[in-house]
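Reproduced below: input13.txt, with compact mmCIF, C-alpha atoms.
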# COMPACT_ATOMS: atom_id res chain seq x y z
CA MET A 1 50.77 -83.99 -5.97
CA ARG A 2 54.14 -85.58 -5.38
CA PRO A 3 54.13 -88.49 -2.84
CA ILE A 4 56.39 -87.94 0.19
CA ASP A 5 59.26 -90.34 0.58
CA PRO A 6 58.72 -92.52 3.76
CA ARG A 7 62.31 -91.82 4.85
CA LEU A 8 61.52 -88.09 4.86
CA HIS A 9 58.54 -88.82 7.15
CA GLN A 10 60.81 -90.83 9.45
CA ALA A 11 63.41 -88.05 9.54
CA LEU A 12 60.73 -85.32 10.27
CA ASP A 13 59.24 -87.56 12.96
CA GLY A 14 62.74 -88.00 14.51
CA ASP A 15 62.85 -91.76 13.89
CA ILE A 16 66.09 -91.48 11.92
CA PRO A 17 68.70 -88.74 12.01
CA PRO A 18 68.42 -86.36 9.01
CA GLU A 19 72.10 -86.83 8.22
CA THR A 20 71.35 -90.39 7.05
CA LEU A 21 69.19 -89.07 4.24
CA ALA A 22 70.33 -88.65 0.71
CA PRO A 23 71.34 -85.07 -0.13
CA ALA A 24 68.15 -84.42 -2.15
CA LEU A 25 65.91 -85.72 0.63
CA ARG A 26 67.93 -83.79 3.20
CA ARG A 27 67.23 -80.51 1.29
CA ASP A 28 63.50 -81.36 1.23
CA ALA A 29 63.57 -82.04 4.95
CA GLU A 30 65.31 -78.71 5.62
CA SER A 31 62.73 -76.85 3.45
CA LEU A 32 59.84 -78.45 5.31
CA GLU A 33 61.39 -77.64 8.70
CA ALA A 34 61.86 -74.02 7.62
CA ALA A 35 58.21 -73.87 6.53
CA VAL A 36 57.09 -75.26 9.91
CA ALA A 37 59.24 -72.69 11.70
CA LEU A 38 57.62 -69.89 9.62
CA LEU A 39 54.11 -71.10 10.46
CA ALA A 40 55.00 -71.27 14.15
CA ALA A 41 56.27 -67.67 14.07
CA ALA A 42 53.11 -66.26 12.36
CA PRO A 43 50.68 -64.34 14.69
CA VAL A 44 47.62 -66.16 15.78
CA ALA A 45 44.48 -64.80 14.00
CA GLU A 46 41.51 -63.71 16.17
CA SER A 47 38.62 -66.08 16.11
CA VAL A 48 35.24 -65.01 14.62
CA GLU A 49 33.70 -65.26 18.06
CA ARG A 50 36.23 -62.85 19.55
CA ARG A 51 35.69 -60.32 16.77
CA VAL A 52 31.85 -60.46 17.17
CA MET A 53 32.07 -60.05 20.94
CA ALA A 54 34.44 -57.10 20.55
CA ALA A 55 31.94 -55.41 18.24
CA VAL A 56 29.09 -56.06 20.66
CA ARG A 57 31.01 -54.60 23.55
CA ARG A 58 31.97 -51.39 21.60
CA PRO A 59 30.36 -48.28 23.24
CA ALA A 60 27.25 -46.89 21.45
CA ARG A 61 27.72 -43.90 19.08
CA SER A 62 26.61 -40.46 20.31
CA ALA A 63 23.19 -39.11 19.23
CA GLY A 64 24.87 -36.53 17.01
CA ARG A 65 26.88 -39.13 15.19
CA ARG A 66 23.82 -41.33 14.76
CA LEU A 67 21.86 -38.37 13.36
CA LEU A 68 24.68 -37.51 10.99
CA ARG A 69 24.92 -41.13 9.91
CA TRP A 70 21.14 -41.19 9.33
CA ALA A 71 21.29 -37.96 7.40
CA ILE A 72 24.03 -38.96 5.03
CA ARG A 73 22.76 -42.48 4.40
CA PRO A 74 20.37 -42.93 1.48
CA HIS A 75 16.79 -43.77 2.48
CA SER A 76 13.99 -44.98 0.32
CA VAL A 77 10.65 -43.18 0.66
CA VAL A 78 7.38 -44.58 -0.54
CA LEU A 79 4.91 -41.86 -1.52
CA SER A 80 1.38 -42.87 -2.29
CA MET A 81 -0.98 -40.11 -3.38
CA ARG A 82 -4.51 -39.51 -4.62
CA PRO A 83 -4.56 -37.18 -7.65
CA VAL A 84 -7.58 -35.21 -6.39
CA TRP A 85 -5.96 -34.31 -3.08
CA SER A 86 -2.65 -33.60 -4.77
CA LEU A 87 -4.29 -31.17 -7.19
CA ALA A 88 -6.14 -29.48 -4.34
CA LEU A 89 -2.87 -29.11 -2.44
CA VAL A 90 -1.13 -27.57 -5.46
CA ALA A 91 -4.07 -25.19 -6.02
CA GLY A 92 -3.94 -24.17 -2.36
CA ILE A 93 -0.22 -23.47 -2.49
CA LEU A 94 -0.67 -21.42 -5.68
CA LEU A 95 -3.50 -19.43 -4.08
CA LEU A 96 -1.36 -18.68 -1.04
CA ALA A 97 1.44 -17.49 -3.30
CA VAL A 98 -0.78 -15.33 -5.50
CA LEU A 99 -3.29 -13.86 -3.05
CA PRO A 100 -2.02 -10.94 -0.97
CA SER A 101 -1.86 -11.63 2.74
CA PRO A 102 -3.61 -9.19 5.10
CA GLU A 103 -0.18 -8.04 6.28
CA ASP A 104 0.59 -6.72 2.80
CA GLY A 105 -2.10 -4.10 3.24
CA PRO A 106 -4.64 -3.12 0.64
CA GLN A 107 -3.85 -3.17 -3.06
CA LEU A 108 -4.11 0.42 -4.21
CA GLY A 109 -5.51 1.35 -7.59
CA ALA A 110 -3.98 4.04 -9.79
CA GLU A 111 -6.68 6.48 -8.66
CA GLU A 112 -6.23 5.81 -4.95
CA GLY A 113 -3.97 7.14 -2.24
CA ILE A 114 -3.45 6.95 1.51
CA ALA A 115 -4.69 9.53 3.99
CA GLN A 116 -3.74 9.64 7.66
CA PHE A 117 -6.05 11.39 10.11
CA VAL A 118 -4.92 12.37 13.59
CA GLY A 119 -6.84 14.37 16.16
CA ARG A 120 -6.59 15.04 19.87
CA PHE A 121 -9.94 14.45 21.55
CA PRO A 122 -9.40 13.63 25.24
CA GLY A 123 -12.37 11.91 26.81
CA ALA A 124 -14.11 11.20 23.49
CA ARG A 125 -16.03 7.94 23.22
CA SER A 126 -15.85 7.79 19.41
CA VAL A 127 -14.35 9.80 16.59
CA HIS A 128 -15.12 9.37 12.89
CA VAL A 129 -13.95 11.21 9.81
CA VAL A 130 -16.61 12.13 7.28
CA GLY A 131 -16.27 13.87 3.98
CA SER A 132 -16.83 13.90 0.28
CA PHE A 133 -14.76 10.70 0.02
CA ASN A 134 -17.36 8.65 1.95
CA ASP A 135 -20.60 10.46 1.07
CA TRP A 136 -20.47 12.15 4.49
CA LYS A 137 -21.44 8.88 6.18
CA PRO A 138 -20.61 9.36 9.84
CA VAL A 139 -19.57 5.79 10.60
CA SER A 140 -17.51 4.58 7.68
CA ILE A 141 -14.05 5.69 8.82
CA PRO A 142 -13.60 5.31 12.59
CA LEU A 143 -10.54 6.71 14.32
CA GLU A 144 -8.92 4.67 17.11
CA ASP A 145 -7.25 5.57 20.38
CA ARG A 146 -5.58 2.30 21.25
CA ASP A 147 -3.43 3.57 24.11
CA HIS A 148 -6.18 5.82 25.53
CA ASP A 149 -4.01 8.94 25.48
CA GLY A 150 -6.68 11.04 23.79
CA VAL A 151 -4.95 10.97 20.39
CA TRP A 152 -7.22 9.35 17.82
CA GLN A 153 -6.01 8.21 14.43
CA ALA A 154 -6.99 6.37 11.27
CA VAL A 155 -5.37 5.50 7.96
CA ALA A 156 -7.72 5.25 4.99
CA VAL A 157 -7.52 4.38 1.32
CA LEU A 158 -9.25 7.23 -0.52
CA PRO A 159 -9.76 8.29 -4.12
CA THR A 160 -7.12 10.73 -5.36
CA GLY A 161 -8.22 14.34 -5.68
CA THR A 162 -9.52 17.13 -3.49
CA HIS A 163 -11.88 16.32 -0.61
CA GLU A 164 -13.63 18.33 2.08
CA TYR A 165 -14.04 16.65 5.46
CA MET A 166 -14.63 17.03 9.19
CA PHE A 167 -14.36 14.92 12.35
CA VAL A 168 -17.50 13.80 14.15
CA VAL A 169 -16.87 13.32 17.87
CA ASP A 170 -19.24 11.13 19.92
CA GLY A 171 -21.61 10.98 16.97
CA GLU A 172 -22.80 14.56 17.30
CA ARG A 173 -20.00 17.13 17.58
CA TRP A 174 -18.62 18.27 14.20
CA VAL A 175 -15.01 19.43 14.48
CA VAL A 176 -12.66 20.85 11.87
CA ASP A 177 -9.24 19.16 11.58
CA PRO A 178 -6.80 21.81 12.80
CA LEU A 179 -3.87 19.92 11.23
CA ALA A 180 -5.37 19.97 7.74
CA GLY A 181 -3.58 23.11 6.57
CA ARG A 182 -6.35 23.86 4.08
CA PHE A 183 -9.79 25.13 4.97
CA VAL A 184 -12.80 26.26 3.02
CA GLU A 185 -16.22 27.67 3.94
CA ASP A 186 -18.83 24.93 3.80
CA GLY A 187 -21.76 27.13 2.73
CA PHE A 188 -23.59 26.33 5.96
CA GLY A 189 -21.83 28.89 8.15
CA ARG A 190 -18.95 26.60 9.10
CA VAL A 191 -15.55 25.63 7.76
CA ASN A 192 -14.47 22.30 6.28
CA SER A 193 -10.91 20.94 6.22
CA VAL A 194 -9.57 20.28 2.74
CA LEU A 195 -7.49 17.24 1.87
CA ILE A 196 -5.69 16.55 -1.40
CA VAL A 197 -5.07 12.82 -1.82
CA ARG A 198 -2.17 12.00 -4.11
CA PRO A 199 -1.35 8.65 -5.69
CA LEU A 200 1.39 6.74 -3.90
CA PRO A 201 4.74 6.80 -5.72
CA ARG A 202 5.25 3.44 -7.48
CA MET B 203 -35.01 12.65 -35.41
CA ARG B 204 -37.31 11.34 -32.69
CA LEU B 205 -34.98 8.54 -31.62
CA PRO B 206 -32.06 10.72 -30.38
CA LEU B 207 -34.54 12.91 -28.53
CA LEU B 208 -36.11 9.87 -26.89
CA LEU B 209 -32.68 8.52 -25.95
CA LEU B 210 -31.66 11.89 -24.48
CA CYS B 211 -34.86 12.03 -22.41
CA ALA B 212 -34.34 8.46 -21.21
CA ALA B 213 -30.71 9.15 -20.27
CA SER B 214 -31.68 12.34 -18.45
CA SER B 215 -34.44 10.51 -16.62
CA LEU B 216 -32.09 7.68 -15.62
CA GLY B 217 -29.48 10.20 -14.46
CA GLY B 218 -32.11 12.04 -12.44
CA GLN B 219 -33.20 8.76 -10.86
CA SER B 220 -29.66 7.97 -9.76
CA VAL B 221 -29.18 11.44 -8.20
CA SER B 222 -32.54 11.15 -6.42
CA ALA B 223 -31.61 7.68 -5.22
CA ARG B 224 -28.38 9.00 -3.73
CA LEU B 225 -30.15 11.86 -2.01
CA GLU B 226 -33.03 9.77 -0.68
CA GLY B 227 -32.84 9.47 3.08
CA ARG B 228 -29.89 11.87 3.19
CA VAL B 229 -31.68 15.13 2.34
CA PRO B 230 -35.21 16.28 3.26
CA ALA B 231 -37.46 14.62 0.68
CA ALA B 232 -39.27 17.87 -0.17
CA ASN B 233 -36.02 19.44 -1.42
CA ILE B 234 -34.78 16.56 -3.55
CA PRO B 235 -36.57 17.67 -6.77
CA THR B 236 -35.04 21.18 -6.55
CA ILE B 237 -31.57 19.81 -5.93
CA ASP B 238 -32.09 17.31 -8.70
CA SER B 239 -32.93 20.08 -11.14
CA LEU B 240 -29.84 22.10 -10.09
CA VAL B 241 -27.68 19.03 -10.73
CA ALA B 242 -29.36 18.55 -14.11
CA VAL B 243 -28.60 22.18 -15.03
CA ALA B 244 -24.95 21.68 -14.12
CA GLY B 245 -24.80 18.54 -16.24
CA ALA B 246 -26.40 20.32 -19.19
CA GLN B 247 -23.83 23.12 -18.95
CA GLY B 248 -20.88 20.73 -18.92
CA LEU B 249 -20.11 21.36 -15.27
CA PRO B 250 -19.09 18.70 -12.75
CA THR B 251 -22.15 17.46 -10.88
CA GLU B 252 -20.53 15.44 -8.11
CA PRO B 253 -19.58 18.50 -5.98
CA LEU B 254 -23.24 19.56 -5.98
CA ILE B 255 -24.45 16.11 -4.90
CA GLN B 256 -21.77 16.02 -2.20
CA LYS B 257 -22.79 19.47 -0.96
CA ALA B 258 -26.41 18.36 -0.62
CA ILE B 259 -25.44 15.14 1.21
CA GLU B 260 -23.08 17.14 3.44
CA GLY B 261 -25.92 19.48 4.39
CA GLY B 262 -28.13 16.53 5.22
CA ALA B 263 -25.41 14.91 7.34
CA LYS B 264 -24.95 18.17 9.23
CA HIS B 265 -28.73 18.33 9.82
CA VAL B 266 -29.04 21.62 7.98
CA SER B 267 -32.52 22.69 6.86
CA GLY B 268 -33.64 21.77 3.36
CA GLU B 269 -33.84 25.41 2.25
CA ARG B 270 -30.29 26.03 3.36
CA ILE B 271 -29.09 22.95 1.54
CA VAL B 272 -30.73 24.18 -1.67
CA GLN B 273 -29.09 27.60 -1.20
CA ALA B 274 -25.66 26.02 -0.69
CA VAL B 275 -26.05 23.80 -3.76
CA ALA B 276 -27.17 26.79 -5.84
CA LEU B 277 -24.19 28.81 -4.60
CA ASN B 278 -21.86 25.94 -5.49
CA LEU B 279 -23.39 25.72 -8.94
CA GLU B 280 -22.75 29.43 -9.41
CA GLN B 281 -19.13 29.05 -8.27
CA LEU B 282 -18.56 26.18 -10.70
CA ARG B 283 -20.12 28.20 -13.50
CA GLN B 284 -17.87 31.16 -12.66
CA ALA B 285 -14.81 28.90 -12.59
CA GLN B 286 -15.66 27.43 -15.98
CA ALA B 287 -16.23 30.90 -17.45
CA LEU B 288 -12.87 32.08 -16.11
CA LEU B 289 -11.04 29.14 -17.65
CA VAL B 290 -12.72 29.67 -21.02
CA ARG B 291 -12.10 33.42 -20.94
CA ALA B 292 -8.42 32.80 -20.19
CA GLY B 293 -8.04 30.68 -23.28
CA ASP B 294 -9.31 27.16 -22.64
CA ALA B 295 -11.70 25.81 -25.22
CA PRO B 296 -14.78 24.16 -23.77
CA PRO B 297 -15.34 21.56 -22.48
CA VAL B 298 -13.00 22.37 -19.62
CA THR B 299 -12.00 19.40 -17.44
CA ASP B 300 -14.03 18.75 -14.31
CA ALA B 301 -10.86 18.62 -12.20
CA GLU B 302 -9.77 22.11 -13.27
CA VAL B 303 -13.23 23.62 -12.82
CA THR B 304 -13.43 22.10 -9.34
CA ALA B 305 -9.90 23.25 -8.49
CA VAL B 306 -10.61 26.81 -9.59
CA ALA B 307 -13.95 26.89 -7.74
CA SER B 308 -12.22 25.64 -4.58
CA GLY B 309 -9.35 28.11 -5.11
CA LEU B 310 -11.73 31.04 -5.50
CA LYS B 311 -13.16 30.21 -2.06
CA ARG B 312 -9.64 30.16 -0.63
CA GLY B 313 -8.35 33.47 -1.97
CA LEU B 314 -7.58 32.86 -5.63
CA THR B 315 -8.78 35.75 -7.82
CA ALA B 316 -9.94 35.88 -11.43
CA PRO B 317 -6.74 37.61 -12.70
CA MET B 318 -4.65 34.94 -10.94
CA VAL B 319 -6.57 32.15 -12.63
CA GLU B 320 -6.19 33.81 -16.02
CA ARG B 321 -2.47 34.30 -15.52
CA ILE B 322 -1.92 30.65 -14.62
CA VAL B 323 -3.95 29.47 -17.62
CA ILE B 324 -1.98 31.71 -19.98
CA ALA B 325 1.40 30.79 -18.44
CA LEU B 326 0.78 27.03 -18.47
CA PRO B 327 -1.23 26.35 -21.62
CA ASP B 328 -0.18 22.76 -22.32
CA GLN B 329 -0.41 20.94 -19.02
CA PRO B 330 -2.95 19.99 -16.34
CA ARG B 331 -3.23 22.96 -13.99
CA SER B 332 -5.36 21.68 -11.12
CA SER B 333 -2.34 21.28 -8.86
CA ALA B 334 -1.04 24.72 -9.88
CA PHE B 335 -4.35 26.30 -8.80
CA HIS B 336 -4.28 24.42 -5.49
CA ALA B 337 -0.62 25.31 -4.90
CA VAL B 338 -1.16 29.04 -5.46
CA ALA B 339 -4.33 28.93 -3.34
CA ASP B 340 -2.34 27.23 -0.55
CA LEU B 341 0.22 30.03 -0.58
CA VAL B 342 -2.36 32.81 -0.77
CA ALA B 343 -4.31 31.19 2.08
CA HIS B 344 -1.09 31.37 4.13
CA ARG B 345 -0.88 35.10 3.30
CA PHE B 346 2.04 34.87 0.90
CA ASN B 347 2.17 37.68 -1.66
CA ALA B 348 -0.15 36.68 -4.51
CA ASP B 349 2.12 37.77 -7.38
CA SER B 350 5.23 36.19 -5.84
CA SER B 351 3.31 32.99 -5.15
CA MET B 352 2.20 32.75 -8.77
CA ASP B 353 5.72 33.51 -9.98
CA LEU B 354 7.07 30.67 -7.87
CA ILE B 355 4.53 28.09 -9.05
CA ILE B 356 4.74 29.12 -12.72
CA THR B 357 8.56 29.09 -12.58
CA ALA B 358 8.49 25.65 -10.99
CA ALA B 359 6.15 24.33 -13.70
CA ARG B 360 8.39 25.76 -16.42
CA GLU B 361 11.40 24.11 -14.81
CA GLY B 362 9.72 20.72 -15.10
CA VAL B 363 7.91 20.38 -11.79
CA ARG B 364 4.56 18.92 -12.84
CA GLY B 365 1.24 17.82 -11.43
CA PRO B 366 1.01 17.07 -7.72
CA ARG B 367 4.73 17.87 -7.31
CA LEU B 368 3.70 21.54 -7.52
CA LEU B 369 2.03 21.00 -4.14
CA ASP B 370 5.48 20.11 -2.81
CA VAL B 371 6.67 23.55 -3.97
CA SER B 372 3.98 25.40 -2.04
CA GLY B 373 4.47 22.98 0.86
CA ALA B 374 8.20 23.70 0.92
CA ALA B 375 7.57 27.46 1.06
CA ILE B 376 5.10 27.04 3.93
CA GLN B 377 7.64 24.86 5.76
CA GLU B 378 10.38 27.48 5.31
CA MET B 379 8.02 30.05 6.81
CA GLN B 380 7.22 27.75 9.72
CA ARG B 381 10.98 27.41 10.33
CA GLY B 382 11.16 31.16 11.02
CA HIS B 383 11.84 32.76 7.65
CA THR B 384 9.76 35.67 6.43
CA ARG B 385 7.33 34.84 3.66
CA ALA B 386 9.49 36.65 1.10
CA GLU B 387 12.58 34.76 2.27
CA ALA B 388 10.71 31.46 2.20
CA LEU B 389 9.62 31.99 -1.41
CA ALA B 390 13.15 33.08 -2.40
CA ARG B 391 14.74 30.02 -0.79
CA VAL B 392 12.40 27.60 -2.54
CA ARG B 393 12.80 29.41 -5.83
CA ALA B 394 16.58 29.19 -5.56
CA ALA B 395 16.35 25.44 -5.06
CA LEU B 396 14.08 24.78 -8.07
CA PRO B 397 13.49 22.32 -9.60
CA ASN B 398 14.72 20.39 -6.56
CA VAL B 399 12.07 20.50 -3.91
CA PRO B 400 11.75 17.82 -1.28
CA ALA B 401 8.94 15.38 -2.02
CA ALA B 402 6.14 15.00 0.46
CA PRO B 403 7.07 12.20 2.86
CA ALA B 404 5.63 8.90 1.73
CA PRO B 405 3.48 7.16 4.33
CA ALA B 406 5.31 4.57 6.39
CA GLN B 407 4.92 0.96 5.28
CA SER B 408 3.14 0.21 8.55
CA ALA B 409 0.63 2.96 7.78
CA VAL B 410 0.00 1.59 4.30
CA GLN B 411 -0.55 -1.88 5.77
CA ALA B 412 -3.00 -0.49 8.30
CA ALA B 413 -4.96 1.49 5.71
CA ARG B 414 -8.57 0.47 5.21
CA ARG B 415 -11.17 1.50 2.71
CA PRO B 416 -14.23 3.24 4.14
CA THR B 417 -16.87 0.71 5.09
CA THR B 418 -20.09 0.98 3.14
CA THR B 419 -22.39 -0.68 5.62
CA GLU B 420 -24.00 0.99 8.59
CA PRO B 421 -23.25 -0.65 11.96
CA LYS B 422 -26.08 -2.34 13.78
CA PRO B 423 -27.57 -0.15 16.52

Translate the structure of the given file into structure tokens.
Amino acid sequence: MRPIDPRLHQALDGDIPPETLAPALRRDAESLEAAVALLAAAPVAESVERRVMAAVRRPARSAGRRLLRWAIRPHSVVLSMRPVWSLALVAGILLLAVLPSPEDGPQLGAEEGIAQFVGRFPGARSVHVVGSFNDWKPVSIPLEDRDHDGVWQAVAVLPTGTHEYMFVVDGERWVVDPLAGRFVEDGFGRVNSVLIVRPLPR
Amino acid sequence: MRLPLLLLCAASSLGGQSVSARLEGRVPAANIPTIDSLVAVAGAQGLPTEPLIQKAIEGGAKHVSGERIVQAVALNLEQLRQAQALLVRAGDAPPVTDAEVTAVASGLKRGLTAPMVERIVIALPDQPRSSAFHAVADLVAHRFNADSSMDLIITAAREGVRGPRLLDVSGAAIQEMQRGHTRAEALARVRAALPNVPAAPAPAQSAVQAARRPTTTEPKP
């Protein structure tokens, strides 16, 4: 660092007029005065305190912006797990994926089809369909009348092929299905309805 | 020589036990041995036995007397025998399939005649004919002309309509009649459209989802 000439100090302090200085010193004095003028013209920087207080006073971000900010920021998640429970969870998920839900309906075999039974029996307390597909057991396929309009119906999974059947109303009255379209003598002095169950198209 | 005979006796005895077990509680006990023997005769003659068992159970469910049940089973046995004989006479070599014997026996009760069965067997020698018998019987039962009905079903089979789709052919003719056409017109219209006949409507998805298998347990009283 170059030491400052004492006469330059005196001139900058106003103790002696600058004109009395030697030309080299006078140039130094002019440079220093120009530098001082530049510093005086520079804008005053905000203090740290002012900047902190400005940040504190800034209005809070909206909930949406905070959510967005949370969503796009990386977060670290710590996952601790017990292998037994984890395996059970995986097995459960796989079972749910593989097993059919009740809403899917029954899984039909190649030798099975769907049969719909509908009959109008106003005032009946119960209606069942019995036939060669259920060993003529009077209770195995109940018909339902959910809206109580006298129209009873059931949908059943049955073996494909030809079947004879009848409706049993209130557990005692045997009635032929008039909508069957096929009828055959039953050998007991009555007539059975005939149903041909076909496999569902796949 | 003794071993096969013993095995045959054992198998027959086991079969008889299973028939008796199915009839127990469903048919008057006194008539079970007679029905059992009728079923055994059917089995020995290569006839389907299930229709006979079903007929006996049906009679029991309808509270028919034991004697009447035996008569009905014997009549059914005779009808199955007649159906088998018809199929063999028309050209089928025994053993004839159970499905065809049952279809012919059912058809004979619904208006099919022996010459009609023979004609179908001769016309369709190389394919399952159960559906053809049912289709012709459906038409005859609806009083369509027998010859024209057979012509329609045989023509459909020759044009590639096979198996249960033949029931769509007879169904289409019955529908045309129900729409107001004469029976002759209905047959002609379906014949003109062959082999394109509308398929039977598939059950709605909701119906399939609601379908349940028959329950096997009796409800508690």

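Of the residues under consideration (A:Asp170, A:Glu112, A:Asp186, A:Glu49), A:Asp170 shows the shortest atom-to-atom contact distance to Pro142 in chain A when counting only C-alpha atoms.
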
Would you work out the distance separating CA of Leu179 in chain A from CA of Gly119 in chain A, expressed in Å to one decimal?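 Distance reported for this atom pair: 8.0 Å.
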
With the cut-off set at 8 Å and counting all atoms listed in the file, tabulate each residue of chain B with an atom at most that distance from an atom of chain A, showing the nearest atom pair and its distance in Å to one decimal, ordered by chain and increasing number, as JSON lines.
{"residue": "B:Gln256", "atom": "CA", "partner": "A:Ser132", "partner_atom": "CA", "distance": 5.9}
{"residue": "B:Ile259", "atom": "CA", "partner": "A:Trp136", "partner_atom": "CA", "distance": 6.7}
{"residue": "B:Glu260", "atom": "CA", "partner": "A:Trp136", "partner_atom": "CA", "distance": 5.7}
{"residue": "B:Gly261", "atom": "CA", "partner": "A:Phe188", "partner_atom": "CA", "distance": 7.4}
{"residue": "B:Ala263", "atom": "CA", "partner": "A:Trp136", "partner_atom": "CA", "distance": 6.3}
{"residue": "B:Val266", "atom": "CA", "partner": "A:Phe188", "partner_atom": "CA", "distance": 7.5}
{"residue": "B:Arg270", "atom": "CA", "partner": "A:Phe188", "partner_atom": "CA", "distance": 7.2}
{"residue": "B:Ile271", "atom": "CA", "partner": "A:Phe188", "partner_atom": "CA", "distance": 7.8}
{"residue": "B:Ala274", "atom": "CA", "partner": "A:Gly187", "partner_atom": "CA", "distance": 5.3}
{"residue": "B:Leu277", "atom": "CA", "partner": "A:Gly187", "partner_atom": "CA", "distance": 7.9}
{"residue": "B:Ala305", "atom": "CA", "partner": "A:Thr162", "partner_atom": "CA", "distance": 7.9}
{"residue": "B:Ser308", "atom": "CA", "partner": "A:Val184", "partner_atom": "CA", "distance": 7.6}
{"residue": "B:Lys311", "atom": "CA", "partner": "A:Val184", "partner_atom": "CA", "distance": 6.4}
{"residue": "B:Arg312", "atom": "CA", "partner": "A:Val184", "partner_atom": "CA", "distance": 6.2}
{"residue": "B:Asp340", "atom": "CA", "partner": "A:Arg182", "partner_atom": "CA", "distance": 7.0}
{"residue": "B:Ala343", "atom": "CA", "partner": "A:Arg182", "partner_atom": "CA", "distance": 7.9}
{"residue": "B:Pro366", "atom": "CA", "partner": "A:Arg198", "partner_atom": "CA", "distance": 7.0}
{"residue": "B:Ala404", "atom": "CA", "partner": "A:Leu200", "partner_atom": "CA", "distance": 7.4}
{"residue": "B:Pro405", "atom": "CA", "partner": "A:Ile114", "partner_atom": "CA", "distance": 7.5}
{"residue": "B:Ala409", "atom": "CA", "partner": "A:Val155", "partner_atom": "CA", "distance": 6.5}
{"residue": "B:Val410", "atom": "CA", "partner": "A:Gly105", "partner_atom": "CA", "distance": 6.2}
{"residue": "B:Gln411", "atom": "CA", "partner": "A:Gly105", "partner_atom": "CA", "distance": 3.7}
{"residue": "B:Ala412", "atom": "CA", "partner": "A:Gly105", "partner_atom": "CA", "distance": 6.3}
{"residue": "B:Ala413", "atom": "CA", "partner": "A:Val155", "partner_atom": "CA", "distance": 4.6}
{"residue": "B:Arg414", "atom": "CA", "partner": "A:Ala156", "partner_atom": "CA", "distance": 4.9}
{"residue": "B:Arg415", "atom": "CA", "partner": "A:Val157", "partner_atom": "CA", "distance": 4.9}
{"residue": "B:Pro416", "atom": "CA", "partner": "A:Ser140", "partner_atom": "CA", "distance": 5.0}
{"residue": "B:Thr417", "atom": "CA", "partner": "A:Ser140", "partner_atom": "CA", "distance": 4.7}
{"residue": "B:Thr418", "atom": "CA", "partner": "A:Ser140", "partner_atom": "CA", "distance": 6.3}
{"residue": "B:Thr419", "atom": "CA", "partner": "A:Ser140", "partner_atom": "CA", "distance": 7.5}
{"residue": "B:Glu420", "atom": "CA", "partner": "A:Val139", "partner_atom": "CA", "distance": 6.8}
{"residue": "B:Pro421", "atom": "CA", "partner": "A:Val139", "partner_atom": "CA", "distance": 7.5}

Could you tell me how far CA of Ala359 in chain B sits from CA of Pro403 in chain B, in Å to one decimal place? 20.5 Å

So that I can see what lies close to Pro6 in chain A, please list as a ChimeraX atom specification the residues with an atom at most 12 Å from it, counting all atoms listed in the file and leaving out residues fewer than 4 positions away in the same chain. /A:10-13,15-16,21,25,29

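Taking CA of His128 in chain A as the reference point, CA of Gly171 in chain A is found at 7.8 Å.
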
Once you count only C-alpha atoms, which residues end up no further than 10 Å from (1.2, 19.9, -6.0) in the file's frame, shown as a PyMOL selection string? (chain A and resi 196+198) or (chain B and resi 331-338+340+355+363-373+401-402)

Near Val275 in chain B, within 8 Å and counting all atoms listed in the file, which residues show up once chain neighbours fewer than 5 positions away are dropped, as a list in words? Ile237, Leu240, Leu254, Ile255, Lys257 and Ala258 of chain B

I want to know what sits within 8 Å of Pro230 in chain B, based on all atoms listed in the file, with residues of the same chain fewer than 4 positions away left out; could you give that as a ChimeraX atom specification? /B:226,234,262,267-268

Distance query range 324-326 of chain B at most 7 Å, all atoms listed in the file, self and fewer than 2 positions along chain excluded, as a PyMOL selection string: chain B and resi 292-293+320-322+328-329+356

With only C-alpha atoms counted, which protein, DNA or RNA residues have an atom no more than 10 Å from (9.2, 34.5, -1.0) in the file frame? Please answer as a PyMOL selection string. chain B and resi 346-347+350-351+353-354+375-376+378-379+383-393

Saving range 137-143 of chain A with N, CA and C atoms, as a compact mmCIF listing (two decimals), in the first residue's frame, what would that file be?
# COMPACT_ATOMS: atom_id res chain seq x y z
N LYS A 137 -86.97 -80.38 -6.31
CA LYS A 137 -87.03 -79.94 -4.90
C LYS A 137 -87.77 -78.61 -4.84
N PRO A 138 -88.86 -78.57 -4.12
CA PRO A 138 -89.74 -77.40 -4.22
C PRO A 138 -89.17 -76.10 -3.66
N VAL A 139 -88.04 -76.11 -3.01
CA VAL A 139 -87.60 -74.86 -2.37
C VAL A 139 -86.27 -74.33 -2.91
N SER A 140 -85.70 -75.00 -3.87
CA SER A 140 -84.31 -74.63 -4.20
C SER A 140 -84.19 -73.41 -5.11
N ILE A 141 -85.25 -73.09 -5.88
CA ILE A 141 -85.17 -71.87 -6.71
C ILE A 141 -86.40 -71.01 -6.42
N PRO A 142 -86.28 -70.08 -5.48
CA PRO A 142 -87.43 -69.22 -5.18
C PRO A 142 -87.54 -68.07 -6.19
N LEU A 143 -88.76 -67.72 -6.54
CA LEU A 143 -88.99 -66.53 -7.35
C LEU A 143 -89.26 -65.37 -6.39
